[in-house]
>>> print(open('query37.cif').read())   # mmCIF, C-alpha atoms and all ligand atoms
data_target
loop_
_atom_site.label_atom_id
_atom_site.label_comp_id
_atom_site.auth_asym_id
_atom_site.auth_seq_id
_atom_site.Cartn_x
_atom_site.Cartn_y
_atom_site.Cartn_z
CA MET H 1 -51.46 -43.27 18.96
CA SER H 2 -53.39 -46.53 19.42
CA GLU H 3 -54.06 -47.75 22.97
CA ASP H 4 -51.77 -50.32 24.65
CA PRO H 5 -53.29 -53.78 23.93
CA ASP H 6 -52.81 -54.78 27.57
CA VAL H 7 -54.85 -51.75 28.67
CA VAL H 8 -57.62 -52.55 26.14
CA SER H 9 -57.77 -56.22 27.17
CA ARG H 10 -57.85 -55.33 30.88
CA ARG H 11 -60.73 -52.92 30.24
CA ILE H 12 -62.66 -55.61 28.33
CA ALA H 13 -61.93 -58.03 31.18
CA ARG H 14 -62.95 -55.62 33.95
CA GLU H 15 -66.28 -54.82 32.25
CA SER H 16 -67.07 -58.53 32.05
CA ILE H 17 -65.91 -59.35 35.59
CA GLU H 18 -67.94 -56.43 37.00
CA ARG H 19 -71.01 -57.96 35.29
CA ASP H 20 -70.23 -61.14 37.25
CA ASP H 21 -69.26 -62.89 34.02
CA PRO H 22 -65.60 -63.79 34.67
CA THR H 23 -65.10 -65.75 31.45
CA GLY H 24 -67.25 -63.74 28.99
CA TRP H 25 -64.46 -61.28 28.23
CA PHE H 26 -62.34 -63.83 26.37
CA GLU H 27 -64.88 -64.06 23.55
CA ASN H 28 -65.31 -60.26 23.55
CA LEU H 29 -61.54 -59.80 23.25
CA TYR H 30 -61.02 -62.42 20.52
CA ALA H 31 -64.00 -60.99 18.60
CA ALA H 32 -62.59 -57.45 18.91
CA ALA H 33 -59.21 -58.76 17.71
CA ALA H 34 -60.85 -60.53 14.77
CA ASP H 35 -62.40 -57.24 13.61
CA GLY H 36 -59.12 -55.37 14.15
CA SER H 37 -60.22 -53.22 17.12
CA ALA H 38 -58.02 -54.99 19.73
CA VAL H 39 -54.97 -57.19 20.00
CA VAL H 40 -54.89 -60.40 22.05
CA PRO H 41 -51.84 -59.70 24.24
CA TRP H 42 -50.89 -63.35 24.79
CA ASP H 43 -51.27 -64.40 21.14
CA ARG H 44 -47.60 -64.93 20.29
CA GLY H 45 -47.96 -66.37 16.80
CA THR H 46 -45.79 -69.26 17.97
CA ALA H 47 -45.78 -71.88 20.73
CA HIS H 48 -44.80 -70.73 24.24
CA GLN H 49 -41.01 -70.78 24.66
CA LEU H 50 -41.21 -72.83 27.89
CA LEU H 51 -43.33 -75.43 26.07
CA ILE H 52 -40.80 -75.50 23.23
CA ASP H 53 -38.04 -75.99 25.84
CA TRP H 54 -39.97 -78.84 27.49
CA VAL H 55 -40.51 -80.57 24.14
CA ASP H 56 -36.83 -80.14 23.23
CA GLU H 57 -35.68 -81.57 26.58
CA SER H 58 -38.24 -84.38 26.93
CA GLU H 59 -38.49 -85.31 23.26
CA PRO H 60 -41.94 -86.86 23.83
CA ASP H 61 -43.14 -89.36 21.25
CA GLY H 62 -46.89 -88.92 20.96
CA THR H 63 -47.42 -91.85 18.60
CA GLY H 64 -50.52 -93.74 19.72
CA LYS H 65 -51.12 -91.22 22.54
CA THR H 66 -53.67 -88.49 23.18
CA ALA H 67 -53.09 -84.90 24.27
CA LEU H 68 -55.37 -82.12 25.45
CA VAL H 69 -54.44 -78.44 25.31
CA VAL H 70 -56.46 -76.38 27.80
CA GLY H 71 -57.50 -72.80 26.95
CA ALA H 72 -55.75 -73.27 23.63
CA GLY H 73 -56.48 -69.81 22.21
CA THR H 74 -55.53 -69.65 18.56
CA GLY H 75 -53.70 -72.96 18.54
CA TRP H 76 -49.95 -72.37 18.45
CA ASP H 77 -49.17 -74.67 21.39
CA ALA H 78 -51.56 -77.36 20.12
CA GLU H 79 -49.81 -77.41 16.75
CA LEU H 80 -46.45 -78.10 18.44
CA ILE H 81 -47.98 -80.98 20.41
CA ALA H 82 -49.77 -82.40 17.34
CA ASP H 83 -46.46 -82.25 15.45
CA ARG H 84 -44.99 -84.60 18.09
CA GLY H 85 -47.46 -87.25 16.98
CA TYR H 86 -50.14 -86.91 19.70
CA ASP H 87 -53.78 -87.21 18.71
CA THR H 88 -54.38 -83.68 19.97
CA THR H 89 -57.58 -82.03 21.15
CA ALA H 90 -57.39 -78.31 21.88
CA PHE H 91 -60.25 -76.39 23.46
CA ASP H 92 -61.17 -72.89 24.39
CA ILE H 93 -64.25 -71.21 25.83
CA SER H 94 -64.15 -68.59 23.06
CA PRO H 95 -65.80 -69.62 19.77
CA THR H 96 -63.89 -66.87 17.95
CA ALA H 97 -60.56 -68.19 19.30
CA ILE H 98 -61.44 -71.61 17.92
CA GLU H 99 -62.50 -70.13 14.54
CA THR H 100 -59.19 -68.24 14.46
CA ALA H 101 -57.29 -71.46 15.30
CA HIS H 102 -58.97 -73.18 12.34
CA ARG H 103 -58.06 -70.24 10.11
CA ASN H 104 -54.44 -70.08 11.41
CA HIS H 105 -53.82 -73.78 10.93
CA PRO H 106 -55.64 -75.06 7.84
CA GLY H 107 -55.13 -78.78 7.45
CA SER H 108 -54.14 -79.13 11.10
CA LYS H 109 -54.08 -82.58 12.64
CA ALA H 110 -55.37 -81.12 15.95
CA HIS H 111 -59.08 -81.12 16.82
CA TYR H 112 -60.18 -77.63 17.87
CA ILE H 113 -63.28 -77.57 20.09
CA VAL H 114 -65.28 -74.97 22.05
CA ALA H 115 -65.56 -76.19 25.65
CA ASP H 116 -65.50 -74.86 29.20
CA LEU H 117 -62.79 -76.06 31.58
CA LEU H 118 -65.20 -75.51 34.46
CA ALA H 119 -67.74 -77.93 32.89
CA PRO H 120 -65.73 -80.25 30.62
CA PRO H 121 -67.26 -83.09 28.58
CA ALA H 122 -67.71 -86.17 30.78
CA ASP H 123 -65.73 -88.41 28.42
CA TRP H 124 -62.60 -86.32 28.97
CA HIS H 125 -62.38 -87.57 32.56
CA ARG H 126 -58.84 -89.00 33.06
CA ALA H 127 -58.72 -89.57 29.30
CA PHE H 128 -55.47 -87.95 28.10
CA ASP H 129 -51.84 -89.08 28.08
CA LEU H 130 -50.66 -85.46 28.05
CA VAL H 131 -52.49 -82.37 29.32
CA VAL H 132 -50.97 -78.95 28.64
CA GLU H 133 -52.22 -75.98 30.63
CA ILE H 134 -50.67 -72.58 29.86
CA TYR H 135 -52.05 -69.37 31.45
CA THR H 136 -55.72 -70.48 31.67
CA VAL H 137 -56.01 -70.92 35.43
CA GLN H 138 -54.24 -67.62 36.06
CA ALA H 139 -56.70 -65.88 33.72
CA LEU H 140 -59.54 -66.77 36.10
CA PRO H 141 -60.29 -64.79 39.29
CA ILE H 142 -58.66 -66.33 42.37
CA PRO H 143 -61.93 -67.73 43.86
CA LEU H 144 -62.43 -69.80 40.65
CA GLN H 145 -58.88 -71.15 40.55
CA PRO H 146 -59.24 -74.13 42.94
CA ASP H 147 -62.11 -75.55 40.85
CA ALA H 148 -60.22 -74.88 37.60
CA ILE H 149 -57.11 -76.61 39.00
CA LYS H 150 -59.17 -79.63 40.08
CA GLN H 151 -60.76 -79.84 36.62
CA VAL H 152 -57.32 -79.73 34.96
CA THR H 153 -56.05 -82.59 37.13
CA GLU H 154 -59.11 -84.72 36.36
CA LEU H 155 -58.27 -84.68 32.64
CA VAL H 156 -54.98 -86.58 33.08
CA GLY H 157 -55.24 -90.30 32.39
CA PRO H 158 -53.41 -93.14 34.18
CA GLY H 159 -49.66 -92.88 33.52
CA GLY H 160 -50.30 -89.46 31.97
CA THR H 161 -48.32 -86.22 32.17
CA LEU H 162 -49.59 -82.77 33.07
CA LEU H 163 -47.53 -79.73 32.10
CA VAL H 164 -48.46 -76.38 33.68
CA ILE H 165 -46.91 -73.07 32.66
CA ALA H 166 -47.98 -70.02 34.64
CA ALA H 167 -46.83 -66.66 35.91
CA ALA H 168 -45.45 -66.89 39.44
CA ARG H 169 -46.04 -64.76 42.52
CA PRO H 170 -44.74 -65.05 46.09
CA ASP H 171 -46.87 -67.01 48.56
CA THR H 172 -46.57 -64.02 50.89
CA GLN H 173 -48.36 -61.67 48.49
CA PRO H 174 -52.00 -61.30 49.60
CA ASP H 175 -54.65 -62.19 47.02
CA ASP H 176 -56.34 -58.80 47.33
CA GLU H 177 -53.13 -57.05 46.22
CA ILE H 178 -53.41 -58.64 42.77
CA GLN H 179 -55.14 -56.48 40.20
CA GLY H 180 -55.82 -59.19 37.63
CA PRO H 181 -56.11 -60.43 35.07
CA PRO H 182 -53.86 -62.23 35.26
CA TRP H 183 -53.82 -63.58 38.81
CA PRO H 184 -50.40 -65.33 38.91
CA LEU H 185 -50.03 -68.59 40.81
CA THR H 186 -48.31 -69.06 44.16
CA ARG H 187 -46.13 -72.08 44.88
CA ALA H 188 -49.03 -73.35 46.99
CA ALA H 189 -51.32 -73.15 43.96
CA ILE H 190 -48.75 -75.09 41.89
CA GLN H 191 -48.59 -77.70 44.68
CA SER H 192 -52.39 -77.92 44.65
CA PHE H 193 -52.34 -79.58 41.20
CA THR H 194 -51.05 -82.69 43.00
CA THR H 195 -53.33 -85.45 44.29
CA PRO H 196 -52.48 -88.75 45.98
CA ASP H 197 -51.86 -90.25 42.52
CA LEU H 198 -50.73 -87.17 40.57
CA HIS H 199 -47.18 -86.24 41.58
CA LEU H 200 -45.13 -83.12 40.94
CA ILE H 201 -41.99 -84.52 39.33
CA GLN H 202 -40.28 -81.33 38.15
CA LEU H 203 -40.67 -77.66 39.06
CA ASP H 204 -38.70 -74.82 37.51
CA GLN H 205 -39.00 -71.09 37.93
CA ALA H 206 -37.57 -69.05 35.08
CA PRO H 207 -37.72 -65.46 33.89
CA SER H 208 -40.42 -64.88 31.29
CA PRO H 209 -38.92 -65.12 27.79
CA THR H 210 -40.56 -61.79 26.90
CA ALA H 211 -40.45 -59.92 30.27
CA PRO H 212 -37.35 -61.04 32.21
CA THR H 213 -38.43 -59.34 35.48
CA THR H 214 -41.50 -61.63 35.64
CA LEU H 215 -41.04 -65.22 36.79
CA ARG H 216 -42.79 -68.21 35.24
CA TRP H 217 -43.50 -71.67 36.66
CA ARG H 218 -42.96 -74.74 34.54
CA ALA H 219 -44.36 -77.67 36.46
CA GLU H 220 -44.55 -81.29 35.31
CA TYR H 221 -46.77 -83.86 37.03
CA LEU H 222 -47.13 -87.61 36.49
CA ARG H 223 -50.19 -89.73 37.30
CA ASP H 224 -49.62 -93.25 38.69
C1 LIG H 301 -54.38 -65.96 28.94
S1 LIG H 301 -55.10 -66.88 27.68
C2 LIG H 301 -53.84 -68.07 27.29
C3 LIG H 301 -54.07 -68.72 25.96
C4 LIG H 301 -53.03 -69.79 25.59
N1 LIG H 301 -53.04 -70.91 26.50
C5 LIG H 301 -51.67 -69.17 25.55
O1 LIG H 301 -50.85 -69.42 26.42
O2 LIG H 301 -51.45 -68.38 24.64
C6 LIG H 301 -56.32 -67.86 28.52
C7 LIG H 301 -57.14 -68.67 27.54
O3 LIG H 301 -58.03 -69.50 28.27
C8 LIG H 301 -59.30 -69.42 27.68
N2 LIG H 301 -60.24 -69.71 28.77
C9 LIG H 301 -60.54 -68.95 29.84
N3 LIG H 301 -61.42 -69.56 30.64
C10 LIG H 301 -61.68 -70.75 30.07
C11 LIG H 301 -62.52 -71.83 30.42
N4 LIG H 301 -63.28 -71.79 31.53
N5 LIG H 301 -62.56 -72.89 29.61
C12 LIG H 301 -61.80 -72.93 28.48
N6 LIG H 301 -61.00 -71.93 28.08
C13 LIG H 301 -60.93 -70.85 28.88
C14 LIG H 301 -59.40 -68.02 27.13
O4 LIG H 301 -60.38 -67.85 26.13
C15 LIG H 301 -57.98 -67.81 26.62
O5 LIG H 301 -57.83 -68.26 25.30
#
>>> encode(input="query37.cif", output="structure tokens")
Amino acid sequence: MSEDPDVVSRRIARESIERDDPTGWFENLYAAAADGSAVVPWDRGTAHQLLIDWVDESEPDGTGKTALVVGAGTGWDAELIADRGYDTTAFDISPTAIETAHRNHPGSKAHYIVADLLAPPADWHRAFDLVVEIYTVQALPIPLQPDAIKQVTELVGPGGTLLVIAAARPDTQPDDEIQGPPWPLTRAAIQSFTTPDLHLIQLDQAPSPTAPTTLRWRAEYLRD
């Protein structure tokens, strides 16, 4: 019987984190998936259901607007956003994820780019009308999360929207009890995406579409 993909991905992650390389495992996992020796557990082959729900409810018109999809993986969420008319950039730290996104979506209108959220291109600073962040911050060890959150917020342009989808955990649960990845986000972490000019305008907690005992945040922020 083949090994559980979650177990394989956690092993690949642990090996990388123990080498003090907390982001190197993403490329290792996508490369192993590309050669058929692993499965990327979060690669759904479709956009995230909570993103689909947000698009259905908000009906955003991206005509003449820009969007950035953070940690875009193999591109399913970016395709949904590009289909709404946004000039969409989607980036990931893993070159193999980006190659797979190109292969999955030939003729895509989205621009797929290798980049690091923790050191983003300078011209992305406050440049996007819509920023979508799904599961990237929680994939980073807790000590890296405050910097990652700050970097996400600095991508949102004036008047722009930030949408964050993440696994939730109680504020009372101590960090050292979490055997990540992932390291789900507390309400305090969700609040920490706000700044004096970036406001939390909607926060929902819903059961995961695929694992109903796990809760997910869907948080929407608006920059002045
Ligand atoms: C848990 S996956 C989620 C992927 C996708 N957002 C989704 O929901 O399916 C986290 C993604 O973030 C990417 N990632 C992790 N650290 C990153 C960083 N520092 N900069 C850019 N991408 C990163 C990983 O390669 C991976 O594709």
>>> residues_near_ligand(input="query37.cif", ligand="ligand LIG 301 (chain H)", cutoff="6 Å", atoms="all atoms listed in the file", output="PyMOL selection string")
chain H and resi 23+26+42-43+71-73+92-94+115-118+134-136+139
>>> residues_around(input="query37.cif", residues="Ile113 of chain H", least_positions_apart="3", cutoff="9 Å", atoms="only C-alpha atoms", output="PDB file with C-alpha atoms, keeping the file's coordinate frame")
ATOM      1  CA  THR H  89     -57.580 -82.030  21.150  1.00  0.00           C
ATOM      2  CA  ALA H  90     -57.390 -78.310  21.880  1.00  0.00           C
ATOM      3  CA  PHE H  91     -60.250 -76.390  23.460  1.00  0.00           C
ATOM      4  CA  ASP H  92     -61.170 -72.890  24.390  1.00  0.00           C
ATOM      5  CA  ILE H  93     -64.250 -71.210  25.830  1.00  0.00           C
ATOM      6  CA  PRO H  95     -65.800 -69.620  19.770  1.00  0.00           C
ATOM      7  CA  ILE H  98     -61.440 -71.610  17.920  1.00  0.00           C
TER       8      ILE H  98
END
>>> residues_around(input="query37.cif", residues="segment 168-177 of chain H", least_positions_apart="2", cutoff="10 Å", atoms="only C-alpha atoms", output="PyMOL selection string")
chain H and resi 138+141-143+165-166+179-180+183-190+205-208+214-218
>>> residues_around(input="query37.cif", residues="Thr66 of chain H", least_positions_apart="6", cutoff="10 Å", atoms="only C-alpha atoms", output="PyMOL selection string")
chain H and resi 81-82+85-89+127-131+157+160
>>> residues_around(input="query37.cif", residues="Val39 of chain H", least_positions_apart="3", cutoff="9 Å", atoms="only C-alpha atoms", output="list in words")
Asp4, Pro5, Asp6, Val8, Ser9, Leu29, Tyr30, Ala32, Ala33, Ala34, Gly36, Trp42 and Asp43 of chain H
>>> axis_aligned_box(input="query37.cif", around="segment 107-119 of chain H", padding_each_side="5 Å", output="JSON")
{"center_x": -60.9, "center_y": -78.7, "center_z": 21.0, "size_x": 23.7, "size_y": 17.7, "size_z": 37.0}
>>> atom_distance(input="query37.cif", atom1="atom CA of Thr195 of chain H", atom2="atom CA of Ile149 of chain H")
11.0 Å
>>> closest_residue(input="query37.cif", among="H:Leu198, H:Ile52, H:Ala211, H:Ala38", to="Thr153 of chain H", atoms="all atoms listed in the file")
H:Leu198
>>> closest_residue(input="query37.cif", among="H:Glu154, H:Asp83, H:Asp53, H:Glu133", to="Val69 of chain H", atoms="all atoms listed in the file")
H:Glu133
>>> residues_around(input="query37.cif", residues="Ala47 of chain H", least_positions_apart="2", cutoff="9 Å", atoms="only C-alpha atoms", output="PyMOL selection string")
chain H and resi 44-45+49-52+75-80
>>> write_last_selection(input="query37.cif", atoms="C-alpha atoms", output="CSV table (one decimal), in the coordinates of the input")
chain,number,residue,atom,x,y,z
H,44,ARG,CA,-47.6,-64.9,20.3
H,45,GLY,CA,-48.0,-66.4,16.8
H,49,GLN,CA,-41.0,-70.8,24.7
H,50,LEU,CA,-41.2,-72.8,27.9
H,51,LEU,CA,-43.3,-75.4,26.1
H,52,ILE,CA,-40.8,-75.5,23.2
H,75,GLY,CA,-53.7,-73.0,18.5
H,76,TRP,CA,-50.0,-72.4,18.4
H,77,ASP,CA,-49.2,-74.7,21.4
H,78,ALA,CA,-51.6,-77.4,20.1
H,79,GLU,CA,-49.8,-77.4,16.8
H,80,LEU,CA,-46.4,-78.1,18.4
>>> atom_distance(input="query37.cif", atom1="atom CA of Gln145 of chain H", atom2="atom CA of Pro209 of chain H")
24.4 Å
>>> atom_distance(input="query37.cif", atom1="atom CA of Pro120 of chain H", atom2="atom CA of Thr100 of chain H")
21.2 Å
>>> closest_residue(input="query37.cif", among="H:Leu140, H:Val70, H:Leu163, H:Pro196", to="Val114 of chain H", atoms="only C-alpha atoms")
H:Val70
